[in-house]
Amino acid sequence: MSTVRRRRLQNSSSVPPEDCIFCRIVGRKAASYPVYEDEHYIAFLDIAPFARGHTLVCPKKHGETIWDMNEMETAELFRVASKVSKAVVNAVDADGFRFVQNNGEAANQVVAHVHVHVIPVKMEDKGRFTGRKSFTPSEMESTARTIREGLSSLSRSDK
Ligand code: AMP
Ligand code: ZN
């Protein structure tokens with residue numbers, strides 16, 4: 001990898017937080033279908049989902065790639081993603097799920113704010129690339145509500 005490319009991957013300033021769509025969602029300046037929030041992390045539905053329930057989990061603090069986070073922050077991000085995955089899978093009755101986490105343009109990272117994709121998968125879609133789906137706002141809201149409710153009951157049972 002060239003020095004220029006490596007520097008670009010490490011540099012979190014390509015998009016300033018005020019222009020970052022996920023920072024705007026964190027700051028409630030842009031709309032989203034939220035499913036989870038705590039002091040440092042937030043999760044909301046992907047607007048162009050690969051499956052019903054496709055969720056993005058992000059740190060609230062702006063940083064472009066995993067390399068902008070320390071190891072504890074990265075561990076905590078995946079702890080939250082794991083918890084969210086249980087509610088996502090239950091909400092859409094999936095049989096499995098994928099974590100996808102893109103870093104850098106070469107990896108197809110489009111939004112320059114660290115995020116983990118939680119993508120539920122059904123057995124009938126095993127091995128198939130299903131493409132982006134479209135859902136109505138009320139379907140998106142209903143999916144988000146079901147995931148939120150699932151997360152509340154997971155917290156109650158402390159899982
Ligand atoms: P990546 O290629 O890993 O950077 O993925 C970025 C994801 O963010 C894509 O799947 C987009 O559909 C999703 N996305 C972009 N803008 C929004 C938004 N305003 N709300 C929710 N998801 C978004
Ligand atoms: Zn940001």
# chains A, B, ... in the order shown; residues from 1 in each chain; ligands from 1
call {"tool": "select_by_dssp", "arguments": {"residues": "stretch 118-153 of chain A", "states": "alpha helix (DSSP H)", "output": "PDB file with C-alpha atoms, in the first residue's frame"}}
result
ATOM      1  CA  PRO A 137     -41.839   4.360   5.696  1.00  0.00           C
ATOM      2  CA  SER A 138     -44.525   2.589   7.701  1.00  0.00           C
ATOM      3  CA  GLU A 139     -42.869  -0.802   7.081  1.00  0.00           C
ATOM      4  CA  MET A 140     -39.511   0.680   8.159  1.00  0.00           C
ATOM      5  CA  GLU A 141     -41.084   2.185  11.299  1.00  0.00           C
ATOM      6  CA  SER A 142     -42.804  -1.075  12.144  1.00  0.00           C
ATOM      7  CA  THR A 143     -39.544  -3.046  11.705  1.00  0.00           C
ATOM      8  CA  ALA A 144     -37.631  -0.532  13.853  1.00  0.00           C
ATOM      9  CA  ARG A 145     -40.320  -0.711  16.559  1.00  0.00           C
ATOM     10  CA  THR A 146     -40.170  -4.517  16.665  1.00  0.00           C
ATOM     11  CA  ILE A 147     -36.367  -4.411  17.021  1.00  0.00           C
ATOM     12  CA  ARG A 148     -36.599  -1.748  19.756  1.00  0.00           C
ATOM     13  CA  GLU A 149     -39.144  -3.851  21.650  1.00  0.00           C
ATOM     14  CA  GLY A 150     -36.937  -6.928  21.269  1.00  0.00           C
ATOM     15  CA  LEU A 151     -33.969  -5.015  22.661  1.00  0.00           C
ATOM     16  CA  SER A 152     -36.015  -3.856  25.652  1.00  0.00           C
ATOM     17  CA  SER A 153     -36.999  -7.405  26.512  1.00  0.00           C
TER      18      SER A 153
END
call {"tool": "residues_near_ligand", "arguments": {"ligand": "ligand 2", "cutoff": "12 Å", "atoms": "only C-alpha atoms and all ligand atoms", "output": "PyMOL selection string"}}
result
chain A and resi 12-27+42+58-65+68+111-115
call {"tool": "write_last_selection", "arguments": {"atoms": "N, CA and C atoms", "output": "short mmCIF file (atom, residue, chain, number, x, y, z; two decimals), in the first residue's frame"}}
result
data_model
loop_
_atom_site.label_atom_id
_atom_site.label_comp_id
_atom_site.auth_asym_id
_atom_site.auth_seq_id
_atom_site.Cartn_x
_atom_site.Cartn_y
_atom_site.Cartn_z
N SER A 12 -9.18 10.69 9.60
CA SER A 12 -10.63 10.73 9.79
C SER A 12 -11.22 12.07 9.40
N SER A 13 -10.44 12.90 8.71
CA SER A 13 -10.94 14.25 8.45
C SER A 13 -11.41 14.46 7.02
N SER A 14 -11.62 13.37 6.25
CA SER A 14 -12.04 13.57 4.86
C SER A 14 -13.44 14.17 4.80
N VAL A 15 -14.28 13.85 5.79
CA VAL A 15 -15.60 14.46 5.87
C VAL A 15 -15.73 15.06 7.27
N PRO A 16 -15.87 16.37 7.40
CA PRO A 16 -16.00 16.94 8.74
C PRO A 16 -17.33 16.54 9.38
N PRO A 17 -17.38 16.40 10.72
CA PRO A 17 -18.60 15.93 11.38
C PRO A 17 -19.85 16.69 10.96
N GLU A 18 -19.72 18.01 10.71
CA GLU A 18 -20.93 18.78 10.36
C GLU A 18 -21.50 18.37 9.01
N ASP A 19 -20.67 17.73 8.16
CA ASP A 19 -21.16 17.27 6.86
C ASP A 19 -21.43 15.76 6.84
N CYS A 20 -21.27 15.13 8.00
CA CYS A 20 -21.36 13.67 8.05
C CYS A 20 -22.81 13.26 8.34
N ILE A 21 -23.39 12.46 7.47
CA ILE A 21 -24.81 12.10 7.62
C ILE A 21 -25.05 11.34 8.93
N PHE A 22 -24.11 10.49 9.33
CA PHE A 22 -24.35 9.73 10.57
C PHE A 22 -24.20 10.64 11.81
N CYS A 23 -23.28 11.63 11.77
CA CYS A 23 -23.22 12.62 12.86
C CYS A 23 -24.52 13.41 12.90
N ARG A 24 -25.09 13.69 11.75
CA ARG A 24 -26.36 14.44 11.73
C ARG A 24 -27.48 13.59 12.33
N ILE A 25 -27.45 12.28 12.07
CA ILE A 25 -28.44 11.39 12.69
C ILE A 25 -28.22 11.35 14.21
N VAL A 26 -26.96 11.23 14.64
CA VAL A 26 -26.66 11.23 16.08
C VAL A 26 -27.19 12.51 16.73
N GLY A 27 -27.01 13.65 16.05
CA GLY A 27 -27.43 14.95 16.59
C GLY A 27 -28.88 15.28 16.32
N ILE A 42 -25.09 4.15 18.80
CA ILE A 42 -26.45 4.33 18.28
C ILE A 42 -26.64 3.30 17.16
N CYS A 58 -23.30 2.34 15.13
CA CYS A 58 -22.22 3.33 15.02
C CYS A 58 -21.81 3.86 16.38
N PRO A 59 -20.54 4.25 16.50
CA PRO A 59 -20.17 5.08 17.65
C PRO A 59 -20.75 6.47 17.44
N LYS A 60 -21.13 7.14 18.52
CA LYS A 60 -21.63 8.51 18.36
C LYS A 60 -20.50 9.47 17.97
N LYS A 61 -19.31 9.16 18.46
CA LYS A 61 -18.16 10.03 18.16
C LYS A 61 -17.73 9.83 16.71
N HIS A 62 -17.51 10.92 16.00
CA HIS A 62 -17.10 10.80 14.60
C HIS A 62 -15.70 10.22 14.47
N GLY A 63 -15.59 9.27 13.60
CA GLY A 63 -14.30 8.71 13.22
C GLY A 63 -14.58 7.96 11.94
N GLU A 64 -13.62 7.96 11.03
CA GLU A 64 -13.93 7.42 9.71
C GLU A 64 -13.82 5.90 9.63
N THR A 65 -12.76 5.38 10.22
CA THR A 65 -12.57 3.93 10.14
C THR A 65 -12.27 3.36 11.53
N ASP A 68 -9.60 4.71 13.69
CA ASP A 68 -9.80 5.94 14.48
C ASP A 68 -10.28 5.63 15.89
N VAL A 111 -20.10 5.79 3.52
CA VAL A 111 -20.31 6.78 4.58
C VAL A 111 -19.07 6.80 5.48
N ALA A 112 -18.44 7.97 5.58
CA ALA A 112 -17.15 8.10 6.27
C ALA A 112 -17.33 8.26 7.78
N HIS A 113 -18.09 7.39 8.37
CA HIS A 113 -18.29 7.36 9.84
C HIS A 113 -18.41 5.88 10.19
N VAL A 114 -17.55 5.42 11.08
CA VAL A 114 -17.49 3.98 11.39
C VAL A 114 -18.88 3.41 11.62
N HIS A 115 -19.14 2.26 11.02
CA HIS A 115 -20.43 1.59 11.25
C HIS A 115 -20.28 0.10 10.99
#
call {"tool": "residues_near_ligand", "arguments": {"ligand": "ligand 1", "cutoff": "10 Å", "atoms": "only C-alpha atoms and all ligand atoms", "output": "ChimeraX atom specification"}}
result
/A:20-22,24-25,30-34,43-50,54-56,64-65,100-105,107-117,132
call {"tool": "atom_distance", "arguments": {"atom1": "atom CA of A:Ser134", "atom2": "atom CA of A:Glu37"}}
result
24.5 Å
call {"tool": "closest_residue", "arguments": {"among": "A:Ala75, A:Ile66, A:Val89, A:Ile119", "to": "A:Gly131", "atoms": "only C-alpha atoms"}}
result
A:Ile119
call {"tool": "closest_residue", "arguments": {"among": "A:Glu71, A:Arg79, A:Ala51, A:Tyr36", "to": "A:Arg98", "atoms": "only C-alpha atoms"}}
result
A:Ala51
call {"tool": "residues_around", "arguments": {"residues": "A:Asp95", "least_positions_apart": "2", "cutoff": "9 Å", "atoms": "only C-alpha atoms", "output": "ChimeraX atom specification"}}
result
/A:89,93,97,120-123
call {"tool": "write_last_selection", "arguments": {"atoms": "N, CA and C atoms", "output": "mmCIF file, in the first residue's frame"}}
result
data_model
loop_
_atom_site.group_PDB
_atom_site.id
_atom_site.type_symbol
_atom_site.label_atom_id
_atom_site.label_comp_id
_atom_site.auth_asym_id
_atom_site.auth_seq_id
_atom_site.Cartn_x
_atom_site.Cartn_y
_atom_site.Cartn_z
ATOM 1 N N VAL A 89 -32.496 -10.429 14.381
ATOM 2 C CA VAL A 89 -32.818 -11.794 13.921
ATOM 3 C C VAL A 89 -34.213 -12.197 14.403
ATOM 4 N N ASP A 93 -37.421 -12.909 11.995
ATOM 5 C CA ASP A 93 -37.423 -14.363 11.955
ATOM 6 C C ASP A 93 -36.363 -14.894 10.979
ATOM 7 N N PHE A 97 -27.175 -14.191 10.343
ATOM 8 C CA PHE A 97 -26.924 -12.765 10.102
ATOM 9 C C PHE A 97 -25.475 -12.570 9.714
ATOM 10 N N PRO A 120 -29.629 -9.412 8.515
ATOM 11 C CA PRO A 120 -30.237 -10.725 8.750
ATOM 12 C C PRO A 120 -30.350 -11.517 7.449
ATOM 13 N N VAL A 121 -30.224 -12.835 7.555
ATOM 14 C CA VAL A 121 -30.273 -13.695 6.364
ATOM 15 C C VAL A 121 -31.227 -14.853 6.633
ATOM 16 N N LYS A 122 -32.072 -15.148 5.655
ATOM 17 C CA LYS A 122 -32.977 -16.307 5.752
ATOM 18 C C LYS A 122 -32.349 -17.495 5.028
ATOM 19 N N MET A 123 -32.707 -18.673 5.467
ATOM 20 C CA MET A 123 -32.136 -19.883 4.871
ATOM 21 C C MET A 123 -32.369 -19.925 3.364
#
call {"tool": "closest_residue", "arguments": {"among": "A:Ala106, A:Ser155, A:Gly53, A:Arg28", "to": "A:Val80", "atoms": "only C-alpha atoms"}}
result
A:Ser155
call {"tool": "closest_residue", "arguments": {"among": "A:Leu154, A:Ala94, A:Val57, A:Val35", "to": "A:Ala81", "atoms": "only C-alpha atoms"}}
result
A:Val57
call {"tool": "atom_distance", "arguments": {"atom1": "atom CA of A:Phe135", "atom2": "atom CA of A:Arg52"}}
result
8.0 Å
call {"tool": "atom_distance", "arguments": {"atom1": "atom CA of A:Arg156", "atom2": "atom CA of A:Tyr41"}}
result
19.1 Å
